[in-house]
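All remarks here apply to the structure that follows.
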Amino acid sequence: GVCSQNKMVASYGSTTDDGAAKPSQLTDLYEEASVLASETTKPLTSKPNQHAPQKGVHLYQFPASFYSCEARLILEEKGVDYKEHDVCIIAGVFDQYEPEYVRLNPRCVVPTLCVDGNVTSDAHNIVLHADEFFPQSVKLFPNDDTTDDVKKHFDLACSVFVEALTYGEVPSGPKLPWQMRGMMKSNHGNKYNMLKEKLNEHRDDPYLKACYEGKLAILMKQIEILDSEKQLNDIVDATKAIMKQLNKQLIEGPAKDGGWLCGESYTIADMQWGLTLVRLHIRGYNDLLWSEYPAIEAFRQKLMARPTIQKAVIQYQTTTKIGGLVLRRKIANAKNSRKLILVVAAAALIGIGLKLNRNVSKYIQ
């Protein structure tokens, strides 16, 4: 999915779909799609929902999803006790399009947070409201003389178009691992076909019909960006400019004396940059985006050593955790023995390839 965020919540940021960020000059997929579709493209904030668990804190997420990592991390930083519900967003499963989930989150994305029956959708939206939902724990949005700097650098991290850099074939960037390349080549087509199928199946349900139409409009906009070499090059150029600003803050601000990005305390700006740098590092962008900035590399290493990032992000980026979930869901969805054999064989090949390629494990040391 993609991200931008609702424009307020005190203006700390803006949201899109896996729940992704992007340079501000690029199309806001959800704002444009909402004109084409319906109100279902707007994020939910603490909205009562009869289909949600009515007691406790529940997070609907997918282990490898960048935006699920964001939601898990804010809950870990806040010290919240919560229950995870896996939503497999991989082709051949696509749990996010099932009616049971769409009735929780009309945008058909992960993550979704449910607190005592009240639903909040989209990662940035969850982050922006975390201090409000869980006021008893440490506050990551300061209200002091660092507030403006924190807002600026949180927004800066959010403006990196992580989804495009993760899944797009950037001409000057690291190549997609062969397993991911094959998956992404057919992924949008599979999503389109699934959504058309769901739309036809539930055409008599006004709510589900509106949700699927909204998601289809957004999907077409995503394809435009990810399939455009010029757009991807523009995204890389914009990200390089963002890294230059981050480096300037690191070498001139509190971090130069051993502090964090904007002060002595760890804030939401550090958290968001931790997520962003870890994902770009895993994807192999170090050389292209910050090889000339040793301060950024030192900052990334400091962030990755943080126990909350290890627990909420790094430990989820394993083939065992991701592949195990995908395999279980595909086996559950297999309608006959022939399909089951094909699913198991494909999973075995992908697992062997991931082990040989070591595209995740070699980057999370």
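Every chain in the structure tokens has a letter given in the order shown (A, B, ...), and although residue numbers restart at 1 in each chain, ligands are simply numbered from 1 in the order shown.
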
Report the closest atom pair, with its distance in Å rounded to one decimal, for each residue of segment 72-110 of chain A that has an atom no farther than 10 Å from segment 48-57 of chain A; count only C-alpha atoms, sort by chain and then rising residue number, and write it as a tab-separated table.
```
residue	atom	partner	partner_atom	distance
A:Leu75	CA	A:Val57	CA	9.8
A:Val80	CA	A:Val57	CA	8.1
A:Asp81	CA	A:Val57	CA	7.1
A:Tyr82	CA	A:Val57	CA	4.8
A:Lys83	CA	A:Val57	CA	6.4
A:Glu84	CA	A:Val57	CA	8.9
A:Glu100	CA	A:His51	CA	8.0
A:Tyr101	CA	A:His51	CA	8.9
A:Arg103	CA	A:His51	CA	6.9
A:Leu104	CA	A:His51	CA	6.4
A:Asn105	CA	A:Asn49	CA	9.8
```

With DSSP run on the backbone, what are the alpha helix (DSSP H) residues within segment 187-334 of chain A? I'd like them as a count of residues only.
112

Figure out the distance between atom CA of Ile242 of chain A and atom CA of Lys256 of chain A, please, to one decimal in Å.
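Going from atom CA of Lys256 of chain A over to atom CA of Ile242 of chain A covers 18.7 Å.
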
In Å, rounded to a single decimal, give me how far atom CA of Phe141 of chain A is from atom CA of Val119 of chain A.
21.5 Å

Write out as a PyMOL selection string each polymer residue whose atoms come within 12 Å of Glu229 of chain A, counting only C-alpha atoms; drop sequence neighbours fewer than 4 positions from it.
chain A and resi 164-165+168-173+223-225+233-236
